[in-house]
Protein chains: 2
Amino acid sequence: MSTAVAEKKTTLRDGAFGHATALSCRECGHQTALGPFYACPECFGPLEIAYDFPQVTREEIEAGPRNIWRYKALLPVPSDIESSPNTEPGFTRLLPAANLARELGLTRLWVKDDSTNPTNSFKDRVVACALSAARELGATVFACPSTGNLANAVAAAGARAGMKTVVFIPSNLEQPKQVNSAVFTEQLVAVDGTYDDVNKLAQEIAAEEDGWAFVNVNVRPYYAEGSKTLGYEIAEQLGWRLPDQVVIPVASGSQLTKVDKAFRELITLGLVEDKPYKVYGAQAAGCSPVSTAFKTDAPAIRPVKPDTIAKSLAIGNPADGIYVLDVCHRTGGAVEDVTDDEVRAAIVLLARTEGIFTETAGGTTVGVLKKLVETRQLDPELETVVINTGHGLKTLDAVAGSVGPAATIAPTYDAFVATGLA
Amino acid sequence: MSTAVAEKKTTLRDGAFGHATALSCRECGHQTALGPFYACPECFGPLEIAYDFPQVTREEIEAGPRNIWRYKALLPVPSDIESSPNTEPGFTRLLPAANLARELGLTRLWVKDDSTNPTNSFKDRVVACALSAARELGATVFACPSTGNLANAVAAAGARAGMKTVVFIPSNLEQPKQVNSAVFTEQLVAVDGTYDDVNKLAQEIAAEEDGWAFVNVNVRPYYAEGSKTLGYEIAEQLGWRLPDQVVIPVASGSQLTKVDKAFRELITLGLVEDKPYKVYGAQAAGCSPVSTAFKTDAPAIRPVKPDTIAKSLAIGNPADGIYVLDVCHRTGGAVEDVTDDEVRAAIVLLARTEGIFTETAGGTTVGVLKKLVETRQLDPELETVVINTGHGLKTLDAVAGSVGPAATIAPTYDAFVATGLA
């Protein structure tokens with residue numbers, strides 16, 4: 001499926017997409033030339049970037065910038081990517097989580113904390129790759145349909161790049177999320193409808209208008225590759241080795257499959273030792289089509305109507321759900337889900353043990369980690385990484401009702417002593 | 001002025017405070033042994049850390065961790081500081097800001113973006129140093145009085161360190177700021193009174209109770225040194241050289257004086273070339289005691305009653321105000337202030353040009369930068385760094401009324417075309 005993004009620019013410059021060689025269909029394997037395409041012309045399957053990687057060394061990567069561009073040789077971006085204005089996301093903290101580990105009965109646990117990205121979610125990674133593709137394809141407008149994190153990331157990256165940026169959101173979106181996008185762009189469009197309506201409208205505009213790059217529609221193959229950097233960073237920050245187990249939230253499912261892809265690429269390139277690892281997916285019970293399919297061993301994903309506080313994971317018909325099943329089956333992992341109450345409890349648990357305030361998606365992931373240990377689906381003796389994809393300041397309401405001051409006192413020492421906190 | 005922090009631990013371990021040698025009075029120069037002291041026993045002047053620095057090389061620093069501990073040799077912390085659980089703050093982005101520079105008529109501008117710290121403000125830096133001091137002094141409780149950013153940073157760091165953490169806030173604090181602290185600690189105490197009342201209560205508790213380390217009270221000399229890392233990072237990230245001009249917000253004034261201290265230390269240690277640089281302070285017009293003193297060439301700071309949306313800068317009687325005047329006079333800089341409307345406009349300006357959403361303190365600093373250029377107090381041809389100390393998600397209300405969707409439309413292509421955004 002082609003779109004009009006590239007009509008203004010028919011020739012790509014040499015190395016526009018780095019060492020990427022083609023767009024390859026995940027279903028039938030058919031290869032298409034690099035361009036603004038996202039569906040296979042043969043079978044309509046999803047397209048993914050194929051590469052001819054050069055020899056890359058750990059030293060070359062370590063000498064790179066302290067952001068995702070240290071891995072530019074492994075991404076569909078040009079070799080001079082650092083010189084184009086972008087938000088410089090990535091290389092976020094990988095924190096040892098001894099307190100949480102003790103609480104859950106694990107031996108070695110790390111939190112990969114993407115809440116400290118420029119707009120406080122992992123979306124800055126994928127948007128930076130989409131922005132590069134938009135530029136190289138000659139797009140004149142940078143855009144997305146979104147309900148939150150993606151809108152923030154696109155609006156900020158577009159502003160910094162000096163590109164016209166149009167962000168489409170459902171009109172009933174909470175005001176804080178609107179403000180956090182509107183502050184970056186004058187072209188915020190509220191749409192009376194559900195997120196699905198907004199998404200459909202975006203697809204229509206992408207097909208009709210020249211030069212519009214919708215990050216998660218017509219440049220999606222480039223965009224999605226950005227999630228690989230989470231996998232690269234985990235391995236590098238562990239001292240160039242893979243963890244035994246990794247727990248990842250599942251919305252569309254793209255992130256989970258890309259972390260797996262990153263691990264496999266690092267093995268192939270000889271950057272880490274080949275070893276078994278297990279990948280686990282985390283969903284909220286109120287939107288658990290992939291988890292349900294995993295548990296029932298279903299051959300396909302049955303779409304659901306989402307009903308959960310984990311709105312950034314609330315994709316009822318996840319495009320990459322089936323590939324998530326593949327990865328979890330292949331590696332010996334699992335997909336699990338937790339209730340909204342468990343999500344809330346896990347947000348507070350992570351905050352109180354490790355000083356990290358996560359959004360509902362992170363609460364889902366930590367909650368699932370806990371459940372995986374309790375149900376013995378995950379080995380507590382093995383080294384485990386859990387990914388925190390976003391910041392709690394964006395979903396304050398989730399815990400606002402359950403935490404608060406222990407006491408309210410007069411401003412005197414006696415009143416303080418009476419609290420029993422002395 | 002001593003406090004009871006160390007009563008439980010009379011002997012410090014060797015190297016507890018790294019290469020720090022004493023507490024030195026800023027007023028009379030009298031030296032006091034390292035301990036839980038913050039005022040000179042001779043003249044009650046503020047105490048500052050004195051060091052006997054070793055030879056430190058750029059290479060040693062560059063080989064360190066990607067957080068403030070890469071500068072541990074220059075901080076009052078032990079050499080094994082990385083092994084104690086902490087939030088691993090610092091080494092935040094130094095972003096080239098070509099769009100904002102163009103808008104303001106500057107040649108070379110950088111934004112040092114501390115909004116991507118673990119709890120989204122520069123406070124994580126100072127709190128990490130205070131936590132180390134609390135540990136080394138044998139404190140059993142980690143605490144602070146605060147109205148926002150500091151409360152978040154202390155609550156998070158204390159949780160991660162596994163220390164009992166008690167945070168005191170005014171009871172009328174906005175709910176989001178309460179949640180962002182309460183999520184980390186059960187011991188959040190709301191005090192019916194102003195911030196000054198809360199602060200006085202904290203001083204009383206520090207004097208009465210054994211083992212309480214109030215980061216900004218009785219371990220303040222150690223705490224304050226954390227701000228030096230902003231200066232170190234700016235120099236290192238510029239390729240080991242100093243900028244010509246730097247614009248820094250002024251609340252207590254500590255941060256500005258510590259960035260200057262950092263620059264001077266780097267020169268003394270031979271880590272950067274000695275060259276002139278100018279330091280500028282930024283205040284909000286509704287709380288501008290230092291700016292007023294600078295403009296009127298007053299010999300002292302006259303306290304004011306704050307009335308500004310830049311609440312994290314709203315210190316009416318700034319402890320280090322007089323030292324800010326010294327630094328700005330010595331370096332040829334200035335102190336300036338802007339109105340709340342200018343603060344709001346600067347928040348949107350920074351967001352739309354560079355994709356960075358700053359809090360009101362950052363709006364103040366960018367607003368002052370603009371005013372300094374317009375009034376020719378700052379040379380537009382010289383290389384300039386402006387510091388963003390915190391995240392806009394914490395002060396959403398400041399811009400919520402002034403930004404929003406450009407249009408609200410039905411979910412159809414025709415409705416979209418009618419917006420004129422196509």
# chains A, B, ... in the order shown; residues from 1 in each chain; ligands from 1

$ closest_atom_pairs --of "segment 55-151 of chain B" --to "segment 67-88 of chain A" --cutoff "12 Å" --atoms "only C-alpha atoms" --output "Markdown table"
| residue | atom | partner | partner_atom | distance |
| --- | --- | --- | --- | --- |
| B:Arg66 | CA | A:Asn67 | CA | 11.2 |
| B:Phe91 | CA | A:Asn67 | CA | 11.4 |
| B:Thr92 | CA | A:Glu88 | CA | 10.6 |
| B:Arg93 | CA | A:Glu88 | CA | 7.8 |
| B:Leu94 | CA | A:Glu88 | CA | 9.7 |
| B:Leu95 | CA | A:Thr87 | CA | 8.2 |
| B:Pro96 | CA | A:Pro85 | CA | 8.3 |
| B:Ala97 | CA | A:Pro85 | CA | 8.8 |
| B:Ala98 | CA | A:Pro85 | CA | 8.6 |
| B:Asn99 | CA | A:Pro85 | CA | 9.5 |
| B:Val111 | CA | A:Thr87 | CA | 11.8 |
| B:Asp113 | CA | A:Thr87 | CA | 11.0 |
| B:Thr116 | CA | A:Glu88 | CA | 11.5 |

$ write_last_selection --atoms "all heavy atoms" --output "tab-separated table (two decimals), in the first residue's frame"
chain	number	residue	atom	x	y	z
B	66	ARG	N	27.32	7.41	33.31
B	66	ARG	CA	26.60	8.50	32.64
B	66	ARG	C	25.61	9.17	33.58
B	66	ARG	O	24.42	9.22	33.32
B	66	ARG	CB	25.88	7.95	31.41
B	66	ARG	CG	26.83	7.64	30.28
B	66	ARG	CD	26.18	6.87	29.17
B	66	ARG	NE	27.16	6.07	28.48
B	66	ARG	CZ	27.54	4.84	28.83
B	66	ARG	NH1	27.00	4.26	29.88
B	66	ARG	NH2	28.43	4.20	28.13
B	91	PHE	N	23.76	14.12	33.85
B	91	PHE	CA	24.19	13.93	32.47
B	91	PHE	C	22.98	14.04	31.54
B	91	PHE	O	22.80	13.24	30.63
B	91	PHE	CB	24.97	12.63	32.28
B	91	PHE	CG	26.19	12.91	31.45
B	91	PHE	CD1	27.18	13.74	31.93
B	91	PHE	CD2	26.34	12.40	30.17
B	91	PHE	CE1	28.29	14.06	31.17
B	91	PHE	CE2	27.45	12.72	29.39
B	91	PHE	CZ	28.43	13.55	29.90
B	92	THR	N	22.20	15.06	31.79
B	92	THR	CA	21.03	15.37	30.97
B	92	THR	C	21.47	16.03	29.66
B	92	THR	O	22.62	16.42	29.51
B	92	THR	CB	20.11	16.33	31.74
B	92	THR	OG1	20.87	17.48	32.12
B	92	THR	CG2	19.55	15.66	32.98
B	93	ARG	N	20.53	16.16	28.75
B	93	ARG	CA	20.84	16.68	27.41
B	93	ARG	C	21.34	18.13	27.43
B	93	ARG	O	20.79	18.97	28.13
B	93	ARG	CB	19.57	16.67	26.54
B	93	ARG	CG	18.90	15.36	26.41
B	93	ARG	CD	17.68	15.47	25.51
B	93	ARG	NE	16.65	16.36	26.04
B	93	ARG	CZ	15.56	16.71	25.40
B	93	ARG	NH1	15.33	16.27	24.18
B	93	ARG	NH2	14.66	17.50	25.95
B	94	LEU	N	22.36	18.42	26.65
B	94	LEU	CA	22.70	19.80	26.30
B	94	LEU	C	22.33	19.92	24.83
B	94	LEU	O	23.03	19.40	23.96
B	94	LEU	CB	24.18	20.09	26.52
B	94	LEU	CG	24.59	21.53	26.17
B	94	LEU	CD1	24.08	22.52	27.23
B	94	LEU	CD2	26.11	21.67	26.03
B	95	LEU	N	21.21	20.57	24.57
B	95	LEU	CA	20.66	20.58	23.21
B	95	LEU	C	21.01	21.87	22.48
B	95	LEU	O	20.79	22.96	23.02
B	95	LEU	CB	19.14	20.48	23.26
B	95	LEU	CG	18.50	19.12	23.44
B	95	LEU	CD1	16.99	19.27	23.53
B	95	LEU	CD2	18.84	18.18	22.27
B	96	PRO	N	21.54	21.77	21.25
B	96	PRO	CA	21.69	22.98	20.45
B	96	PRO	C	20.29	23.53	20.15
B	96	PRO	O	19.38	22.77	19.83
B	96	PRO	CB	22.38	22.49	19.17
B	96	PRO	CG	22.06	21.02	19.10
B	96	PRO	CD	21.89	20.55	20.51
B	97	ALA	N	20.12	24.84	20.29
B	97	ALA	CA	18.78	25.42	20.16
B	97	ALA	C	18.77	26.45	19.04
B	97	ALA	O	18.62	27.66	19.27
B	97	ALA	CB	18.36	26.03	21.49
B	98	ALA	N	18.91	25.96	17.81
B	98	ALA	CA	19.04	26.86	16.66
B	98	ALA	C	17.75	27.63	16.40
B	98	ALA	O	17.79	28.81	16.02
B	98	ALA	CB	19.43	26.04	15.42
B	99	ASN	N	16.61	26.99	16.59
B	99	ASN	CA	15.33	27.68	16.33
B	99	ASN	C	15.10	28.82	17.32
B	99	ASN	O	14.72	29.92	16.93
B	99	ASN	CB	14.15	26.70	16.43
B	99	ASN	CG	14.23	25.60	15.38
B	99	ASN	OD1	14.87	25.76	14.35
B	99	ASN	ND2	13.62	24.47	15.67
B	111	VAL	N	20.43	24.68	25.22
B	111	VAL	CA	19.57	24.50	26.39
B	111	VAL	C	20.10	23.31	27.18
B	111	VAL	O	20.23	22.20	26.65
B	111	VAL	CB	18.10	24.21	25.99
B	111	VAL	CG1	17.26	23.98	27.24
B	111	VAL	CG2	17.53	25.36	25.17
B	113	ASP	N	19.03	20.77	29.59
B	113	ASP	CA	17.66	20.38	29.90
B	113	ASP	C	17.56	19.41	31.08
B	113	ASP	O	17.61	18.19	30.90
B	113	ASP	CB	17.02	19.75	28.65
B	113	ASP	CG	15.57	19.39	28.92
B	113	ASP	OD1	14.99	19.92	29.88
B	113	ASP	OD2	15.04	18.56	28.16
B	116	THR	N	14.67	16.21	32.23
B	116	THR	CA	14.69	14.76	32.01
B	116	THR	C	15.42	14.01	33.13
B	116	THR	O	15.75	12.84	32.98
B	116	THR	CB	15.34	14.41	30.65
B	116	THR	OG1	16.65	15.00	30.61
B	116	THR	CG2	14.52	14.95	29.50

$ select_by_dssp --residues "segment 110-359 of chain B" --states "strand (DSSP E)" --output "ChimeraX atom specification"
/B:110-113,141-145,164-170,188-191,212-214,245-249,278-284,334-338

$ residues_around --residues "Arg302 of chain B" --least-positions-apart "2" --cutoff "10 Å" --atoms "only C-alpha atoms" --output "list in words"
Ser288, Pro289, Val290, Thr292, Ala293, Ala298, Pro299, Ala300, Val304, Gly316, Asn317, Pro318 and Gly321 of chain B

$ closest_residue --among "B:Gly211, B:Pro243, B:Gly15, B:Gly226" --to "chain A" --atoms "only C-alpha atoms"
B:Gly211

$ atom_distance --atom1 "atom CA of Val246 of chain B" --atom2 "atom CA of Asp326 of chain B"
15.4 Å

$ residues_around --residues "Ala202 of chain A" --least-positions-apart "5" --cutoff "8 Å" --atoms "only C-alpha atoms" --output "PyMOL selection string"
chain A and resi 144-145+168+214+217

$ interface_residues --of "chain B" --to "chain A" --cutoff "6 Å" --atoms "only C-alpha atoms" --output "ChimeraX atom specification"
/B:116,156-157,159-160,179,182-184,187-192,348,351-355,400,403-411

$ atom_distance --atom1 "atom CA of Val338 of chain B" --atom2 "atom CA of Gln283 of chain B"
6.8 Å
